[in-house]
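Presented below is the structure to which this report refers.
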Amino acid sequence: MTRRYSRRAVLMQIGAGSAAAATLTSPKHAFAQMDSRPWFFLTDDEARWLAAICDVFIPQDDFPSASQAGVVDYIDLQMASGYGKGEGLYLKGPFPEGTPEQGYQLPYTPSELLRRGIAAARDEDDLGAMPPPDRSAYVEALSERTEPIGDVPASAFFNELLSLTNEGYFADPIYLGNHNYAGWEMVGFPGAHAYYLDRVDKHNLPVDQPPMGIAHNGGRSTLPRPIRSEG
Amino acid sequence: MAMRELPKTDVVIVGGGWTGLTAAYELAHAGQRCVILERGQPRHTATSFAGPEEHDELKYALRYGHMQDVKKETLTFRNSRDQQALPMRRLGSFLPGSGLGGAGIHWNGQIWRPLPSDLEMRSHYDARYGSQFIPEDLTVQDWGVTYDELEPHLDFFERICGAAGSAGNLNGETRPGGNPFEGARTSDYPNPPMKQPISNTLFGQAAERLGYNPFPMPSANVTAAYENPYGAQLHPCTYCGYCERFGCGYFAKADPIICVYDRIKDHENFEIRFGAQALRVEKSRDGKTATGVVYQDEDGVEVFQPADTVCLNAYALWNVHLMLVSGLGQPYDPETRQGTVGRNYSYQTIAAVDAFFDDEIVTNPFMGAGALGMVVDDFNGDNFDHSELGFVGGGYIACKQYHGRPISYQPVPDGTPKWGAEWKRVLRETYSRHGDLVIHGSSMSTPENYLDLDPTWTDAFGRPLLRMTFNFPENDRKMSDYVMNRALDIAREMDHVTSVSSVNLAREGADYSIVPYQTTHNVGGAVIGTDPTTSVVNRYGQMWDHHNVFVFGACLFPQNLGYNPTGPLMGLAYWTLDHMKRDYLKNPGPLMDA
Amino acid sequence: MPKVSPPMILGATLVAIGAYAMSLNAQDRSEQPAIAALEANLNDERALFNAQVESDIDDDLLETGRLVAMGGSQAGGSGMACITCHGAEGQGDGSGAFPRLAGLPGWYMYKQLVDYASGERPNNVMSGVAQRLTEHEMEAVSAYYAAIDAPYRPVAGTVDAELLQWGGQLGAVGSAEKGIPACVNCHGPSGLGNPPSVPYLAGQYATYMTHQLQLWREGVRNNDAMNVMSSIASKMTDEDMRAVSEYYARVRPDVARMRTDATATD
C-alpha cells in the first residue's frame, strides 16, 4: 500500500497542543504546495519539534504563526543547502572555547548544530505532549539555560533557532517561508520591487502597498527554485 | 613546483576596489602599464545587481552574498594579549568585500571629509589644551598631511561620486544648511542633498531647537542624473532601501565599477586579472625594494608578476597582512614597542539611540538609502570644548533611515519581550514609528591594540591568519557615553516621541565583540607619518623601508576619525597618485628623508 | 478591505449613459465594462492599490470616470472622449499611436494628465484634452481605467528572435557594456508595473514604447522624477529601444492565475 506522504498531516499531529492548527481558516496552509514532497533534510520528528518551538516564537494572532507561514519549510531548505552545510563558516580546527566576544567557536555546521540540539532536546522532554503554556515556559527556560544541551551550548542552539524562525517569517517567499507574504503584510513591508523616489519626502503618508517578492506572480508567492543536491 | 614568471610590468596593483581601480586609472593615463590582481570575480553594476533579484535580504544582508568568504581568508581575534586569539569563524562586526569593486560595491555611500584638526590631532590638542591633555596610553599622531594639501583631492573624489549635500563652509564663508564645522571647501557638492523622510526631519528640527547645527548627510547615492569627471553616468537614487550590503542596479550609488572601471577597462595600459589571490610581495636581495607580487591564479598555479612599482590596494586589514607575510617593513611588537607594521590599529566606536513615535507619525522605513540621514556634527572631533570632559575625540550624531528590511529591522521599545505574541503585536505597531539614531565615534590608537600574525590558524592558502588584538580604550568609553547623552537630549526633544532607549557598545564593562555588526571601518596598521619610528609609510604613502611600494586605504590612518573613512582615504589616494606621477615615476627613490 | 460601496441606481443610469454614448459614434458598445464588473476587479487588494489615486474609490468616482471616458469631459464634450482613440476598453489601437490605458496605475495616469495639461509632457492632442478636464475628472478617469481588465490584442508582425532575446536581456539585467540599468529595477516583476508611480511595460504597444524612448532620449519628454528615463534612454541605440519595446509588447500577466487568486479563500 502506498503511503501518501503529507507534510500538513505531520504538522497537524502537533495540533493537540495548538488550537490554531486545528482551525486553520486563514490562510491556506503553507504546506499545501509541498504536500507531495518529503523533507529535504529534516525528519518528521524534527519537523514536528521545530514547528512547536517556532510557534512559541511567533504564535498565531491576526497574522499566521511561524509554521503556518512556512518557517519549518524554510528551515528545512536552509539546512539542506549551503548555509546549513557550513558556507560562510571557517571550520579549521582546533576549537578551543572562547569568550562571548569571540563569537561562534563550535566545530559544527548549522545543520549539525540543529540536529544534535534537537536530538538532545527530544531526549530530555516531550515537547509535543506539552500544552501551550508549558511550551512557552520550556522555551523561556531554554533561552536562559547555561548547561549544554547534549554536546552543544544551549545559547548557540537557542540563538540559531530564534534566528532561523525570524528569517523564515520575513525572508522573501522564494525561500519557502513568509508564505503569501505573511510577515511582510504584518509589518507593512512592500517587498523587493522598490521605487519610492516620489514618496520618500511625503511625510506621514500611509502606505498600504500589497507586497511583491522577487518571484512575484499574480499575487501568490510562487513555488521555490529547484534545490541543487550538491552545495 | 616551479613558479611561473611573467614579463615585467610597470605597476602591479593588489586589489580591484576603489583605490586599486583609481590607481590604475590615473597611472595608466600617465603612461604606466598597470596590472591589477583581484582575488575575486568580475561583476557589473547593471547585470550583477539588477532588481528584483538583488533585493534579497537573506542572501545579501544576512548571508553576506557580496562579501569576503571567511573559509578562504579570515583573521583571529582577542581583546587583549592575555587571551588566546580565536578565529572569526563568521563575519559579524565588519564586512570586507571581494570581487571587482570590493567593498565599494556594498558600502553605504556616506562620503565625508576629515576635519582639519583630525589630520593634525596631536599638534592640535597640544596647542589647544596643553601637551599633557591627551591621555598617556593613547598613541595619537599627526598624519603628516594637512587638510589644505588634501582639499583638492577630497573635492575630486566628491565629484567622482557625484556627492549630494549642502556646503557648510564655502571658501571660508559659512553657509546655512551645511556643516559649519567642516574644513573650507573650494566648491559646493556636485549634487543637491537627498530628500528627507519624517524621522530625520523631526530630528533636524529638535537639534535646531537645542542650538545645534543639523545638516543632510553627505551622500554618494546621487540625487540627479550626473556625469562624473571620468565620463561615468550615474542615475538618481530611488530610495529603494536595499543599499548597504547590496550593489546598486540603479546606477545611483557611486561604486568603483561604474565610476572608474568602466572608464578605464579598454585602455591599452590597463589589465585586470580575476581569481588572482596575491600571496606575498617579493623583495630584492638587499631588501630595499620590492620586485613584484606572487599570486595564485584561477587554476591554483603560483605566478610571479614582476614590476617596477608595487601598489598595495587591498582592504586595510589585508594590506597589513600582506606586509606581514611578505616581511615588508618591521612588524610591531607590543612587548618592546618596536616596529611599525601592525601598530596603531583602531576601529569605530558606535552607540545607538532609538526613539519611538506616537501614531500620528508614519515613517515608512522601507523608503531608505545608505546615506539618508540628518547629522549633527557639534560633538565630533574637536568641534566642542574638551577641557573639562576628560577624553579626546568625538563623533557625529545622525538620525538615519537606511532601510526597513524586515528580518533585520525590528525596532521595539526597551522591555518588549524578544519573541511571542506580545513581541509580534508591538512590532507591527512600532515598525513604522521608529527614529534611528547612531553615534559614530572616533577610535583612538593604543600600544595594546595592534595586528600581527597568528601562531595557530591558517587561511586556505596555508598562510598564518592575521591576528587582531583590540578593545575599546577608556578614553573612547568616556567619549561615547558623553556623545550618546547628547544624542539622547536630541531624541527626547523630538516632537511626537513617546519613548527613547539607548545602547552603547563601548559602555563601561562591555568589551569589543566581533559578533554584532558595527562598521566596516578597520583602520591603521600601516600608518602614514613623517617619523619612520612611528609610521610605515611617509606622508606620500610610500613605504619608508621599500621606496617602490605605495600603500593605499584606511590602513594609513594613525587613529580613526569620527567619520566614515572612504572619503579621507580616497583623498589620500589621489594625493599619493599625484606625487607618484609628478615626482616618483620620473626618478624612483625615497620621496622623503628618513 | 476594498473601499467600494454597493452600486445604487445602476441599471437606469447605465441605460441612460448607454443611450447617450450610442448616439456619439459607431463604436461597438457591447463590450463596455459595467461598473459592477469594475467593482469586482477592485475586490482584489492589489487591484485596488493599483487604481487608487487620492480619494477612496466608490462607484460615484468610477461612474464619473466612465462618463469622461465614454463621453468626454463636461467642458470638452464628445470630441474628447477617451474611447475615440483609446478603444472601448482602454486597450488602445493596434497602430500603437494610442497606448493601452487599461490597468495603468491610477496615480501614474493621473500625473500624466496633469502633465499634459500643464505642458510638462508635451503632446499636441493630449494637451487639449487634458486642459479641459477638471482635477476630479482626471482622478476619476484614471481610477476607472486602472480598474479595467481589458483583453490584449495579438501582437502584429514578426520580429527577429535575437532582437527579442536582446530586449528580454536588457529588460531583466540591463547592459554592462552600455551602462544601462535593467528595466525591471523600477518597472515591476516582468515589467508588469510598480504602482503607484511606475507604469507597466508588459502588453503596451511596441511602437508607442519605442516612440516614448526616443522622446526621452531627445529630451522632449522629461516629466519623470529626477530625469531617470532620459539618462537611461540616452544610452540606448535605436535597436536597443526596439528590442525592449518588442519584447515587452509580448509579455502578458498570468491572467488566469490572477483570477483564481483573487477569488481564493485567503
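Labeling convention for the C-alpha cells: chains A, B, ... as they appear, residues from 1 per chain, ligands from 1 in order of appearance.
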Pick out the residues sitting within 9 Å of region 189-201 of chain C, and hand them over as an MDAnalysis selection string; count only C-alpha atoms, and ignore anything fewer than 4 positions along from it in its own chain. (chainID A and resid 193:198 209 212:217) or (chainID B and resid 52) or (chainID C and resid 49:53 103:109 111 171:172 183:185 205 209 245 248:249 251:253)
So that I have them on file, write out the residues from the current selection with N, CA and C atoms, as a short mmCIF file (atom, residue, chain, number, x, y, z; two decimals), in the first residue's frame.
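File part-v7.cif, as written:
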```cif
data_model
loop_
_atom_site.label_atom_id
_atom_site.label_comp_id
_atom_site.auth_asym_id
_atom_site.auth_seq_id
_atom_site.Cartn_x
_atom_site.Cartn_y
_atom_site.Cartn_z
N HIS A 193 10.25 44.87 -4.95
CA HIS A 193 10.10 45.84 -6.04
C HIS A 193 9.93 47.21 -5.39
N ALA A 194 11.02 47.96 -5.36
CA ALA A 194 11.06 49.13 -4.51
C ALA A 194 11.36 50.39 -5.30
N TYR A 195 10.43 51.29 -5.36
CA TYR A 195 10.64 52.57 -6.04
C TYR A 195 9.90 53.63 -5.24
N TYR A 196 10.64 54.49 -4.55
CA TYR A 196 9.98 55.42 -3.64
C TYR A 196 10.40 56.87 -3.86
N LEU A 197 10.97 57.15 -5.00
CA LEU A 197 11.55 58.47 -5.25
C LEU A 197 10.55 59.61 -5.05
N ASP A 198 9.29 59.39 -5.46
CA ASP A 198 8.34 60.48 -5.32
C ASP A 198 7.57 60.45 -4.02
N GLN A 209 0.76 49.27 0.75
CA GLN A 209 1.09 48.67 -0.53
C GLN A 209 1.18 47.16 -0.43
N MET A 212 5.24 42.65 -2.96
CA MET A 212 5.62 41.83 -4.11
C MET A 212 7.03 41.31 -3.85
N GLY A 213 7.20 40.00 -3.95
CA GLY A 213 8.51 39.41 -3.73
C GLY A 213 9.28 39.30 -5.03
N ILE A 214 10.47 38.71 -4.94
CA ILE A 214 11.34 38.60 -6.11
C ILE A 214 10.65 37.85 -7.24
N ALA A 215 10.00 36.76 -6.91
CA ALA A 215 9.37 35.93 -7.95
C ALA A 215 7.86 36.14 -7.95
N HIS A 216 7.44 37.35 -7.66
CA HIS A 216 6.02 37.63 -7.57
C HIS A 216 5.31 37.33 -8.88
N ASN A 217 4.21 36.63 -8.78
CA ASN A 217 3.47 36.28 -9.99
C ASN A 217 2.00 36.21 -9.67
N PRO B 52 14.63 42.57 -9.43
CA PRO B 52 14.41 42.38 -8.01
C PRO B 52 15.33 41.33 -7.36
N PHE C 49 -5.16 48.87 -4.83
CA PHE C 49 -3.98 49.71 -4.61
C PHE C 49 -3.51 50.31 -5.92
N ASN C 50 -3.57 49.53 -6.97
CA ASN C 50 -3.14 49.99 -8.29
C ASN C 50 -4.02 51.15 -8.77
N ALA C 51 -5.30 51.05 -8.44
CA ALA C 51 -6.24 52.02 -9.00
C ALA C 51 -6.29 53.34 -8.25
N GLN C 52 -6.03 53.29 -6.97
CA GLN C 52 -6.29 54.47 -6.15
C GLN C 52 -5.36 55.64 -6.45
N VAL C 53 -5.96 56.80 -6.64
CA VAL C 53 -5.17 58.00 -6.88
C VAL C 53 -5.01 58.74 -5.56
N GLY C 103 -5.67 49.22 -16.87
CA GLY C 103 -4.78 48.66 -15.85
C GLY C 103 -3.59 49.52 -15.47
N LEU C 104 -3.45 50.69 -16.11
CA LEU C 104 -2.34 51.56 -15.68
C LEU C 104 -2.56 52.00 -14.24
N PRO C 105 -1.49 52.17 -13.48
CA PRO C 105 -1.70 52.64 -12.11
C PRO C 105 -2.44 53.98 -12.13
N GLY C 106 -3.45 54.11 -11.28
CA GLY C 106 -4.26 55.32 -11.28
C GLY C 106 -3.43 56.57 -11.06
N TRP C 107 -2.53 56.50 -10.09
CA TRP C 107 -1.73 57.69 -9.76
C TRP C 107 -0.85 58.08 -10.94
N TYR C 108 -0.28 57.10 -11.61
CA TYR C 108 0.59 57.40 -12.76
C TYR C 108 -0.21 58.09 -13.85
N MET C 109 -1.38 57.54 -14.15
CA MET C 109 -2.16 58.13 -15.24
C MET C 109 -2.63 59.53 -14.87
N LYS C 111 -1.09 61.61 -13.01
CA LYS C 111 0.06 62.51 -13.16
C LYS C 111 0.28 62.85 -14.64
N GLY C 171 15.95 44.15 -20.51
CA GLY C 171 14.89 44.41 -19.55
C GLY C 171 15.18 43.79 -18.19
N ALA C 172 15.76 42.59 -18.23
CA ALA C 172 15.96 41.87 -16.97
C ALA C 172 17.25 42.23 -16.25
N CYS C 183 15.39 47.33 -16.85
CA CYS C 183 14.06 47.95 -16.76
C CYS C 183 13.33 47.48 -15.50
N VAL C 184 13.48 46.19 -15.18
CA VAL C 184 12.70 45.67 -14.06
C VAL C 184 13.15 46.21 -12.71
N ASN C 185 14.26 46.96 -12.68
CA ASN C 185 14.62 47.63 -11.43
C ASN C 185 13.46 48.48 -10.93
N TYR C 205 2.04 48.84 -26.36
CA TYR C 205 2.38 48.70 -27.78
C TYR C 205 3.84 49.04 -28.04
N MET C 209 6.00 52.48 -27.22
CA MET C 209 7.13 52.50 -26.28
C MET C 209 8.41 52.96 -26.96
N SER C 245 11.09 47.25 -26.51
CA SER C 245 9.68 47.51 -26.79
C SER C 245 8.99 46.28 -27.36
N TYR C 248 8.64 43.58 -24.50
CA TYR C 248 7.59 43.80 -23.50
C TYR C 248 6.20 43.83 -24.09
N ALA C 249 6.11 44.19 -25.39
CA ALA C 249 4.79 44.16 -26.02
C ALA C 249 4.21 42.76 -25.97
N VAL C 251 4.85 40.45 -23.52
CA VAL C 251 4.74 39.87 -22.19
C VAL C 251 3.32 40.05 -21.68
N ARG C 252 2.77 39.02 -21.08
CA ARG C 252 1.41 39.10 -20.56
C ARG C 252 1.40 38.68 -19.10
N PRO C 253 0.59 39.32 -18.27
CA PRO C 253 0.44 38.81 -16.92
C PRO C 253 -0.28 37.47 -16.97
#
```
Who sits within 7 Å of Val293 (chain B), only C-alpha atoms, same chain under 4 positions skipped, as a count of residues only: 7
Which residues of chain A come within 6 Å of chain B, and for each one, what is the closest pair of atoms and their distance in Å to one decimal, counting only C-alpha atoms, sorted by chain and residue number, as a Markdown table?
```
| residue | atom | partner | partner_atom | distance |
| --- | --- | --- | --- | --- |
| A:Val56 | CA | B:Gly420 | CA | 5.9 |
| A:Phe57 | CA | B:Gly420 | CA | 4.8 |
| A:Ile58 | CA | B:Gly420 | CA | 5.3 |
| A:Pro59 | CA | B:Ala421 | CA | 6.0 |
| A:Gly88 | CA | B:Asp69 | CA | 5.8 |
| A:Leu89 | CA | B:Arg90 | CA | 5.3 |
| A:Tyr90 | CA | B:Arg89 | CA | 4.6 |
| A:Glu101 | CA | B:Ser513 | CA | 4.0 |
| A:Gln102 | CA | B:Ile514 | CA | 5.8 |
| A:Gly103 | CA | B:Val515 | CA | 5.6 |
| A:Glu167 | CA | B:Ile407 | CA | 5.7 |
| A:Phe170 | CA | B:Ile407 | CA | 5.4 |
| A:Val187 | CA | B:Arg428 | CA | 4.8 |
| A:Ala192 | CA | B:His55 | CA | 5.2 |
| A:His193 | CA | B:Pro52 | CA | 5.9 |
| A:Ala194 | CA | B:Cys240 | CA | 4.8 |
| A:Tyr195 | CA | B:Thr238 | CA | 5.4 |
| A:Tyr196 | CA | B:Tyr239 | CA | 5.5 |
| A:Leu197 | CA | B:Thr238 | CA | 4.5 |
| A:Val200 | CA | B:Pro197 | CA | 5.6 |
| A:Asp201 | CA | B:Pro197 | CA | 4.9 |
| A:His203 | CA | B:Ile198 | CA | 5.2 |
| A:Asn204 | CA | B:Val362 | CA | 4.4 |
| A:Ile214 | CA | B:Pro52 | CA | 5.2 |
```
Output for the residues just chosen: C-alpha atoms as a CSV table (one decimal), in the first residue's frame:
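What ended up in again-v7.csv:
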```csv
chain,number,residue,atom,x,y,z
A,56,VAL,CA,6.1,29.8,20.5
A,57,PHE,CA,8.4,32.4,19.0
A,58,ILE,CA,5.8,33.5,16.5
A,59,PRO,CA,2.3,32.3,17.5
A,88,GLY,CA,30.5,31.3,5.2
A,89,LEU,CA,31.8,29.4,8.2
A,90,TYR,CA,35.6,28.9,8.9
A,101,GLU,CA,33.2,38.4,22.3
A,102,GLN,CA,35.0,35.9,20.1
A,103,GLY,CA,31.8,34.6,18.7
A,167,GLU,CA,14.4,34.7,9.0
A,170,PHE,CA,10.3,37.6,7.0
A,187,VAL,CA,4.7,45.0,9.3
A,192,ALA,CA,11.5,43.5,-3.4
A,193,HIS,CA,10.1,45.8,-6.0
A,194,ALA,CA,11.1,49.1,-4.5
A,195,TYR,CA,10.6,52.6,-6.0
A,196,TYR,CA,10.0,55.4,-3.6
A,197,LEU,CA,11.6,58.5,-5.3
A,200,VAL,CA,10.0,59.5,0.5
A,201,ASP,CA,9.5,63.1,1.4
A,203,HIS,CA,5.7,62.8,5.3
A,204,ASN,CA,3.4,60.5,7.2
A,214,ILE,CA,11.3,38.6,-6.1
```
Non-local contacts of region 70-79 of chain A (10 Å; only C-alpha atoms; under 6 positions in same chain excluded) as a ChimeraX atom specification: /A:7,11,29-31,34,39-43,46-52,54-55,58,64,85-86,109-112,114-115,161,164-171,173-180,182,224,227
Dump as a PyMOL selection string the residues of chain B that approach chain C to within 6 Å, counting only C-alpha atoms. chain B and resi 44+46-47+50-51+224+250
With C-alpha atoms retained, could you export that selection as an mmCIF file, in the first residue's frame?
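The file below, part.cif, is the result:
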```cif
data_model
loop_
_atom_site.group_PDB
_atom_site.id
_atom_site.type_symbol
_atom_site.label_atom_id
_atom_site.label_comp_id
_atom_site.auth_asym_id
_atom_site.auth_seq_id
_atom_site.Cartn_x
_atom_site.Cartn_y
_atom_site.Cartn_z
ATOM 1 C CA HIS B 44 28.954 44.584 -13.186
ATOM 2 C CA ALA B 46 23.968 46.696 -14.363
ATOM 3 C CA THR B 47 23.887 42.950 -14.758
ATOM 4 C CA ALA B 50 19.638 44.242 -11.051
ATOM 5 C CA GLY B 51 16.427 44.227 -9.065
ATOM 6 C CA ALA B 224 20.070 63.607 -10.050
ATOM 7 C CA TYR B 250 20.019 51.649 -10.493
#
```
Would you compute the distance between CA of Glu63 (chain C) and CA of Met126 (chain C)? Give it in Å to one decimal. 21.9 Å
Atom-to-atom span, CA of Gln542 (chain B) and CA of Phe156 (chain B), Å: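 Between these atoms lies a distance of 21.4 Å.
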Between CA of Gly525 (chain B) and CA of Pro447 (chain B), what distance in Å does the model show, to one decimal?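 That distance, rounded to one decimal, is 11.4 Å.
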From the set C:Ala47, C:Leu101, C:Ala37, C:Ala143, which residue has the shortest atom-to-atom contact distance to chain A, counting only C-alpha atoms?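 Smallest distance to chain A is found for C:Ala47.
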Selected residue, from C:Ala156, C:Leu164, C:Glu239, C:Ser118, that lies nearest to Ser95 (chain C) when counting only C-alpha atoms: C:Ala156
